file my_file_19.cif (mmCIF, C-alpha atoms and all ligand atoms)
data_data
#
loop_
_atom_site.group_PDB
_atom_site.id
_atom_site.type_symbol
_atom_site.label_atom_id
_atom_site.label_comp_id
_atom_site.auth_asym_id
_atom_site.auth_seq_id
_atom_site.Cartn_x
_atom_site.Cartn_y
_atom_site.Cartn_z
ATOM 1 C CA MET A 6 10.272 -22.057 -6.651
ATOM 2 C CA SER A 7 10.122 -24.990 -4.239
ATOM 3 C CA LYS A 8 6.731 -26.520 -3.441
ATOM 4 C CA ASP A 9 7.040 -25.427 0.216
ATOM 5 C CA LYS A 10 7.474 -21.780 -0.729
ATOM 6 C CA ARG A 11 4.626 -21.939 -3.223
ATOM 7 C CA ASP A 12 2.267 -23.364 -0.614
ATOM 8 C CA LYS A 13 3.233 -20.696 1.918
ATOM 9 C CA LYS A 14 2.472 -17.834 -0.465
ATOM 10 C CA ASN A 15 -0.854 -19.397 -1.274
ATOM 11 C CA GLU A 16 -2.027 -19.886 2.263
ATOM 12 C CA TYR A 17 -3.585 -16.427 2.734
ATOM 13 C CA ASN A 18 -6.966 -15.113 1.845
ATOM 14 C CA ILE A 19 -6.748 -11.982 -0.298
ATOM 15 C CA ILE A 20 -8.808 -8.959 0.696
ATOM 16 C CA LEU A 21 -9.174 -6.197 -1.891
ATOM 17 C CA THR A 22 -9.796 -2.673 -0.646
ATOM 18 C CA GLY A 23 -9.926 0.693 -2.388
ATOM 19 C CA PHE A 24 -12.186 3.509 -3.452
ATOM 20 C CA MET A 25 -15.283 2.944 -5.595
ATOM 21 C CA GLY A 26 -14.330 2.298 -9.206
ATOM 22 C CA THR A 27 -10.823 1.013 -8.535
ATOM 23 C CA GLY A 28 -11.746 -2.433 -9.875
ATOM 24 C CA LYS A 29 -12.113 -4.538 -6.704
ATOM 25 C CA THR A 30 -15.032 -6.628 -7.946
ATOM 26 C CA ALA A 31 -13.731 -7.100 -11.498
ATOM 27 C CA VAL A 32 -10.184 -7.933 -10.373
ATOM 28 C CA GLY A 33 -11.411 -10.095 -7.472
ATOM 29 C CA THR A 34 -13.698 -12.142 -9.717
ATOM 30 C CA GLU A 35 -10.937 -12.769 -12.265
ATOM 31 C CA LEU A 36 -8.305 -13.493 -9.615
ATOM 32 C CA ALA A 37 -10.611 -16.039 -7.958
ATOM 33 C CA LEU A 38 -11.136 -17.769 -11.317
ATOM 34 C CA ARG A 39 -7.447 -17.911 -12.040
ATOM 35 C CA LEU A 40 -6.441 -19.082 -8.573
ATOM 36 C CA GLU A 41 -9.424 -21.447 -8.281
ATOM 37 C CA ARG A 42 -10.704 -19.803 -5.134
ATOM 38 C CA LYS A 43 -14.131 -18.677 -3.990
ATOM 39 C CA PHE A 44 -14.990 -15.013 -4.679
ATOM 40 C CA VAL A 45 -16.703 -13.142 -1.860
ATOM 41 C CA ASP A 46 -17.948 -9.526 -1.923
ATOM 42 C CA THR A 47 -18.959 -7.757 1.292
ATOM 43 C CA ASP A 48 -21.635 -5.682 -0.515
ATOM 44 C CA HIS A 49 -23.083 -8.911 -1.852
ATOM 45 C CA ILE A 50 -23.060 -10.496 1.621
ATOM 46 C CA ILE A 51 -24.987 -7.458 2.905
ATOM 47 C CA GLU A 52 -27.532 -7.685 0.076
ATOM 48 C CA ILE A 53 -28.100 -11.392 0.728
ATOM 49 C CA GLU A 54 -28.377 -10.969 4.517
ATOM 50 C CA THR A 55 -30.780 -8.030 4.335
ATOM 51 C CA GLY A 56 -32.673 -9.037 1.185
ATOM 52 C CA MET A 57 -32.205 -5.469 -0.083
ATOM 53 C CA SER A 58 -29.974 -3.767 -2.631
ATOM 54 C CA ILE A 59 -27.285 -1.400 -1.311
ATOM 55 C CA ARG A 60 -29.292 1.501 -2.743
ATOM 56 C CA GLU A 61 -32.458 0.369 -0.948
ATOM 57 C CA ILE A 62 -30.586 0.024 2.360
ATOM 58 C CA PHE A 63 -29.248 3.584 2.082
ATOM 59 C CA GLU A 64 -32.633 4.957 1.074
ATOM 60 C CA LYS A 65 -34.688 3.187 3.729
ATOM 61 C CA TYR A 66 -32.310 3.010 6.688
ATOM 62 C CA GLY A 67 -29.425 5.396 6.004
ATOM 63 C CA GLU A 68 -25.656 5.109 6.053
ATOM 64 C CA GLU A 69 -25.209 4.179 9.728
ATOM 65 C CA TYR A 70 -27.421 1.121 9.331
ATOM 66 C CA PHE A 71 -25.454 0.145 6.213
ATOM 67 C CA ARG A 72 -22.146 0.548 8.110
ATOM 68 C CA GLU A 73 -23.420 -1.766 10.867
ATOM 69 C CA ARG A 74 -24.255 -4.432 8.280
ATOM 70 C CA GLU A 75 -20.865 -3.809 6.680
ATOM 71 C CA SER A 76 -19.066 -4.527 9.968
ATOM 72 C CA GLU A 77 -21.007 -7.798 10.224
ATOM 73 C CA ALA A 78 -19.944 -8.660 6.672
ATOM 74 C CA ALA A 79 -16.301 -7.869 7.564
ATOM 75 C CA ALA A 80 -16.562 -10.250 10.535
ATOM 76 C CA LYS A 81 -17.986 -12.909 8.242
ATOM 77 C CA LEU A 82 -14.769 -12.878 6.184
ATOM 78 C CA LEU A 83 -13.024 -14.404 9.200
ATOM 79 C CA THR A 84 -15.177 -17.523 8.952
ATOM 80 C CA TYR A 85 -13.382 -18.599 5.771
ATOM 81 C CA PRO A 86 -10.203 -20.667 6.175
ATOM 82 C CA GLN A 87 -7.001 -18.976 4.967
ATOM 83 C CA GLY A 88 -6.205 -19.637 1.324
ATOM 84 C CA GLU A 89 -9.835 -20.203 0.391
ATOM 85 C CA ILE A 90 -11.159 -16.830 -0.758
ATOM 86 C CA ILE A 91 -10.542 -13.661 -2.705
ATOM 87 C CA ALA A 92 -12.717 -10.920 -1.167
ATOM 88 C CA ALA A 93 -13.762 -7.541 -2.548
ATOM 89 C CA THR A 94 -14.894 -4.996 0.027
ATOM 90 C CA GLY A 95 -17.008 -1.833 -0.147
ATOM 91 C CA GLY A 96 -14.963 1.334 -0.543
ATOM 92 C CA GLY A 97 -15.958 2.659 2.880
ATOM 93 C CA ILE A 98 -15.314 -0.495 4.904
ATOM 94 C CA ILE A 99 -11.992 0.922 6.102
ATOM 95 C CA LEU A 100 -13.706 3.862 7.848
ATOM 96 C CA ARG A 101 -14.178 1.861 11.053
ATOM 97 C CA LYS A 102 -11.114 0.822 12.983
ATOM 98 C CA GLU A 103 -12.764 -2.459 14.004
ATOM 99 C CA ASN A 104 -13.237 -3.289 10.306
ATOM 100 C CA ARG A 105 -9.628 -2.493 9.473
ATOM 101 C CA LEU A 106 -8.502 -4.899 12.197
ATOM 102 C CA LEU A 107 -10.939 -7.556 10.988
ATOM 103 C CA LEU A 108 -9.696 -7.257 7.401
ATOM 104 C CA ARG A 109 -6.086 -7.635 8.500
ATOM 105 C CA LYS A 110 -7.011 -10.780 10.408
ATOM 106 C CA ALA A 111 -9.025 -12.088 7.460
ATOM 107 C CA GLY A 112 -6.064 -12.131 5.072
ATOM 108 C CA MET A 113 -3.570 -10.220 3.000
ATOM 109 C CA VAL A 114 -4.992 -6.743 2.414
ATOM 110 C CA ILE A 115 -4.406 -5.384 -1.080
ATOM 111 C CA LEU A 116 -5.238 -1.788 -1.970
ATOM 112 C CA LEU A 117 -6.349 -1.001 -5.518
ATOM 113 C CA THR A 118 -6.076 2.598 -6.713
ATOM 114 C CA ALA A 119 -7.032 4.497 -9.868
ATOM 115 C CA SER A 120 -6.776 8.094 -11.055
ATOM 116 C CA LEU A 121 -9.759 10.381 -10.487
ATOM 117 C CA PRO A 122 -10.674 10.563 -14.222
ATOM 118 C CA GLU A 123 -10.556 6.769 -14.428
ATOM 119 C CA ILE A 124 -12.723 6.407 -11.307
ATOM 120 C CA LEU A 125 -15.271 8.821 -12.775
ATOM 121 C CA ASN A 126 -15.243 6.997 -16.067
ATOM 122 C CA ARG A 127 -15.743 3.601 -14.428
ATOM 123 C CA ILE A 128 -18.521 4.571 -12.053
ATOM 124 C CA GLY A 129 -20.379 6.356 -14.858
ATOM 125 C CA GLY A 130 -23.955 7.143 -13.841
ATOM 126 C CA CYS A 131 -23.353 6.234 -10.158
ATOM 127 C CA ALA A 132 -26.353 3.859 -10.416
ATOM 128 C CA GLY A 133 -25.298 1.542 -7.594
ATOM 129 C CA ARG A 134 -23.498 4.172 -5.498
ATOM 130 C CA PRO A 135 -25.977 6.122 -3.381
ATOM 131 C CA LEU A 136 -23.217 8.141 -1.715
ATOM 132 C CA LEU A 137 -22.506 9.765 -5.083
ATOM 133 C CA ASP A 138 -26.084 10.863 -5.747
ATOM 134 C CA GLN A 139 -24.979 14.457 -5.527
ATOM 135 C CA GLU A 140 -25.155 17.590 -7.541
ATOM 136 C CA HIS A 141 -21.344 17.720 -7.408
ATOM 137 C CA PRO A 142 -20.103 14.108 -7.253
ATOM 138 C CA LEU A 143 -16.551 15.219 -7.983
ATOM 139 C CA LYS A 144 -16.425 17.370 -4.842
ATOM 140 C CA LYS A 145 -17.872 14.522 -2.810
ATOM 141 C CA ILE A 146 -15.326 12.044 -4.196
ATOM 142 C CA SER A 147 -12.431 14.380 -3.359
ATOM 143 C CA ALA A 148 -13.699 14.866 0.202
ATOM 144 C CA MET A 149 -14.214 11.128 0.704
ATOM 145 C CA GLN A 150 -10.777 10.299 -0.684
ATOM 146 C CA LYS A 151 -9.161 12.826 1.619
ATOM 147 C CA GLU A 152 -10.911 11.397 4.667
ATOM 148 C CA ARG A 153 -10.104 7.795 3.732
ATOM 149 C CA GLU A 154 -6.560 8.204 2.462
ATOM 150 C CA PRO A 155 -4.807 7.401 5.796
ATOM 151 C CA TYR A 156 -6.939 4.289 6.282
ATOM 152 C CA TYR A 157 -6.397 2.978 2.767
ATOM 153 C CA ARG A 158 -2.686 3.261 3.409
ATOM 154 C CA GLU A 159 -2.879 0.498 6.042
ATOM 155 C CA HIS A 160 -2.524 -2.210 3.395
ATOM 156 C CA ASN A 161 0.040 -4.931 2.747
ATOM 157 C CA TYR A 162 0.278 -4.251 -0.986
ATOM 158 C CA CYS A 163 -0.904 -1.570 -3.421
ATOM 159 C CA PHE A 164 -1.648 -1.834 -7.155
ATOM 160 C CA ASP A 165 -2.601 1.046 -9.430
ATOM 161 C CA THR A 166 -5.243 -0.085 -11.929
ATOM 162 C CA THR A 167 -5.282 3.106 -14.042
ATOM 163 C CA GLY A 168 -5.252 2.323 -17.760
ATOM 164 C CA LYS A 169 -4.807 -1.411 -17.124
ATOM 165 C CA THR A 170 -6.991 -4.336 -18.082
ATOM 166 C CA VAL A 171 -8.361 -6.611 -15.369
ATOM 167 C CA ASN A 172 -6.075 -9.365 -16.615
ATOM 168 C CA ARG A 173 -3.013 -7.167 -16.417
ATOM 169 C CA VAL A 174 -3.784 -6.201 -12.798
ATOM 170 C CA CYS A 175 -4.274 -9.896 -11.956
ATOM 171 C CA ASP A 176 -0.930 -10.724 -13.604
ATOM 172 C CA GLU A 177 0.766 -8.060 -11.491
ATOM 173 C CA ILE A 178 -0.812 -9.317 -8.251
ATOM 174 C CA ILE A 179 -0.001 -12.966 -9.019
ATOM 175 C CA GLU A 180 3.576 -12.043 -9.900
ATOM 176 C CA LYS A 181 4.195 -9.779 -6.896
ATOM 177 C CA LEU A 182 2.657 -12.136 -4.340
ATOM 178 C CA GLU A 183 4.087 -15.209 -6.090
ATOM 179 C CA LEU A 184 0.680 -16.842 -6.213
ATOM 180 C CA TYR A 185 1.561 -19.482 -8.810
HETATM 181 C C1 LIG A 201 -19.315 2.667 -0.603
HETATM 182 C C2 LIG A 201 -18.867 1.878 -1.637
HETATM 183 C C3 LIG A 201 -19.729 0.884 -2.303
HETATM 184 C C4 LIG A 201 -20.824 0.416 -1.350
HETATM 185 C C5 LIG A 201 -21.576 1.579 -0.779
HETATM 186 C C6 LIG A 201 -20.669 2.546 -0.019
HETATM 187 C C7 LIG A 201 -18.382 3.682 -0.017
HETATM 188 O O1 LIG A 201 -18.957 -0.240 -2.724
HETATM 189 O O2 LIG A 201 -20.282 -0.354 -0.310
HETATM 190 O O3 LIG A 201 -22.239 2.237 -1.838
HETATM 191 O O4 LIG A 201 -18.675 4.186 1.078
HETATM 192 O O5 LIG A 201 -17.335 3.952 -0.645
HETATM 193 P P1 LIG A 201 -17.922 -0.192 -3.954
HETATM 194 O O6 LIG A 201 -16.627 0.379 -3.443
HETATM 195 O O7 LIG A 201 -17.765 -1.629 -4.353
HETATM 196 O O8 LIG A 201 -18.535 0.641 -5.022
#
call {"tool": "encode", "arguments": {"input": "my_file_19.cif", "output": "structure tokens"}}
result
Amino acid sequence: MSKDKRDKKNEYNIILTGFMGTGKTAVGTELALRLERKFVDTDHIIEIETGMSIREIFEKYGEEYFRERESEAAAKLLTYPQGEIIAATGGGIILRKENRLLLRKAGMVILLTASLPEILNRIGGCAGRPLLDQEHPLKKISAMQKEREPYYREHNYCFDTTGKTVNRVCDEIIEKLELY
């Protein structure tokens, strides 16, 4: 590939979206290492800005307050120059239209997916996921996925992470987007 083409493919920020447990943070961290970019996570931005854990925010102030902070974190992604970051986003960030527009402006939006059994396996005890503190987390997950499905579909690229290692998913993304 010519140098010009390589530079063009590399000039975008990469924004990872997807349901909880689809591997956004793990894949984003590894991708940032391999592409020598900064890794940014909207949940982490929120925790830094508020001085509280995601769980604490939900418990003390509720979901609406969290979603407000999440929109601010989405806007913050636009402050990074293109080509500088790999960002992981909270699974519900796509619920607000304003956020979906912000993410599209912030970079190339990549959707990560995984099968339901794999999601359940990965999120285990739900420790950091207050929305799944339920008697029937499976029912809740199905309802949330149904509601979010049309929004998740507004991506540039989609990668299924089911049964794959983090490195394999990174290989696939690098190959498909020609990020070498
Ligand atoms: C949420 C997903 C979480 C976190 C919060 C709400 C959601 O992030 O933002 O608990 O609504 O799906 P992860 O997708 O990184 O688990």
call {"tool": "atom_distance", "arguments": {"input": "my_file_19.cif", "atom1": "CA of Thr94 in chain A", "atom2": "CA of Lys110 in chain A"}}
result
14.3 Å
call {"tool": "residues_near_ligand", "arguments": {"input": "my_file_19.cif", "ligand": "ligand LIG 201 (chain A)", "cutoff": "7 Å", "atoms": "only C-alpha atoms and all ligand atoms", "output": "list in words"}}
result
Gly23, Phe24, Met25, Gly26, Lys29, Thr30, Asp48, Ile59, Thr94, Gly95, Gly96, Gly97, Ile98, Gly133, Arg134, Pro135 and Leu136 of chain A
call {"tool": "resolve_selection", "arguments": {"input": "my_file_19.cif", "expression": "the PyMOL selection byres (((chain A and resi 167) around 7) and not hetatm)", "output": "list in words"}}
result
Ala119, Ser120, Glu123, Asp165, Thr166, Gly168 and Lys169 of chain A
call {"tool": "closest_residue", "arguments": {"input": "my_file_19.cif", "among": "A:Leu125, A:Ala31, A:Met149, A:Met57", "to": "Ala93 in chain A", "atoms": "only C-alpha atoms"}}
result
A:Ala31
call {"tool": "atom_distance", "arguments": {"input": "my_file_19.cif", "atom1": "CA of Gln87 in chain A", "atom2": "CA of Glu41 in chain A"}}
result
13.7 Å
call {"tool": "residues_near_point", "arguments": {"input": "my_file_19.cif", "point": "(-4.7, -5.3, -16.5)", "cutoff": "12 Å", "atoms": "all atoms listed in the file", "output": "NGL selection string"}}
result
:A and (27-28 or 31-32 or 35-36 or 117 or 164-179)
call {"tool": "residues_near_point", "arguments": {"input": "my_file_19.cif", "point": "(-11.9, -14.8, -5.3)", "cutoff": "9 Å", "atoms": "only C-alpha atoms", "output": "JSON, numbers by chain"}}
result
{"A": [18, 19, 20, 32, 33, 34, 35, 36, 37, 38, 39, 40, 41, 42, 43, 44, 45, 46, 89, 90, 91, 92, 93]}
call {"tool": "residues_around", "arguments": {"input": "my_file_19.cif", "residues": "Leu116 in chain A", "least_positions_apart": "2", "cutoff": "7 Å", "atoms": "all atoms listed in the file", "output": "PyMOL selection string"}}
result
chain A and resi 21-23+114+118+157+160+162-164
call {"tool": "atom_distance", "arguments": {"input": "my_file_19.cif", "atom1": "CA of Leu108 in chain A", "atom2": "CA of Arg72 in chain A"}}
result
14.7 Å
call {"tool": "closest_atom_pairs", "arguments": {"input": "my_file_19.cif", "of": "range 71-135 of chain A", "to": "range 140-144 of chain A", "cutoff": "12 Å", "atoms": "all atoms listed in the file", "output": "CSV"}}
result
residue,atom,partner,partner_atom,distance
A:Leu121,CA,A:Leu143,CA,8.7
A:Pro122,CA,A:Leu143,CA,9.8
A:Ile124,CA,A:Leu143,CA,10.2
A:Leu125,CA,A:Leu143,CA,8.1
A:Asn126,CA,A:Leu143,CA,11.6
A:Ile128,CA,A:Pro142,CA,10.8
A:Gly129,CA,A:Pro142,CA,10.9
A:Gly130,CA,A:Pro142,CA,10.3
A:Cys131,CA,A:Pro142,CA,9.0
A:Arg134,CA,A:Pro142,CA,10.6
A:Pro135,CA,A:Pro142,CA,10.6
call {"tool": "decode", "arguments": {"input": "my_file_19.cif", "residues": "range 31-44 of chain A", "atoms": "C-alpha atoms", "output": "mmCIF file, in the first residue's frame"}}
result
data_model
loop_
_atom_site.group_PDB
_atom_site.id
_atom_site.type_symbol
_atom_site.label_atom_id
_atom_site.label_comp_id
_atom_site.auth_asym_id
_atom_site.auth_seq_id
_atom_site.Cartn_x
_atom_site.Cartn_y
_atom_site.Cartn_z
ATOM 1 C CA ALA A 31 -10.244 -5.003 26.333
ATOM 2 C CA VAL A 32 -10.123 -4.600 22.542
ATOM 3 C CA GLY A 33 -9.737 -0.806 22.769
ATOM 4 C CA THR A 34 -6.817 -1.058 25.193
ATOM 5 C CA GLU A 35 -4.995 -3.598 23.016
ATOM 6 C CA LEU A 36 -5.740 -1.740 19.781
ATOM 7 C CA ALA A 37 -4.383 1.496 21.274
ATOM 8 C CA LEU A 38 -1.178 -0.304 22.294
ATOM 9 C CA ARG A 39 -0.708 -1.812 18.879
ATOM 10 C CA LEU A 40 -1.477 1.374 16.965
ATOM 11 C CA GLU A 41 0.425 3.568 19.444
ATOM 12 C CA ARG A 42 -2.587 5.711 20.201
ATOM 13 C CA LYS A 43 -4.119 7.017 23.406
ATOM 14 C CA PHE A 44 -6.912 4.874 24.903
#
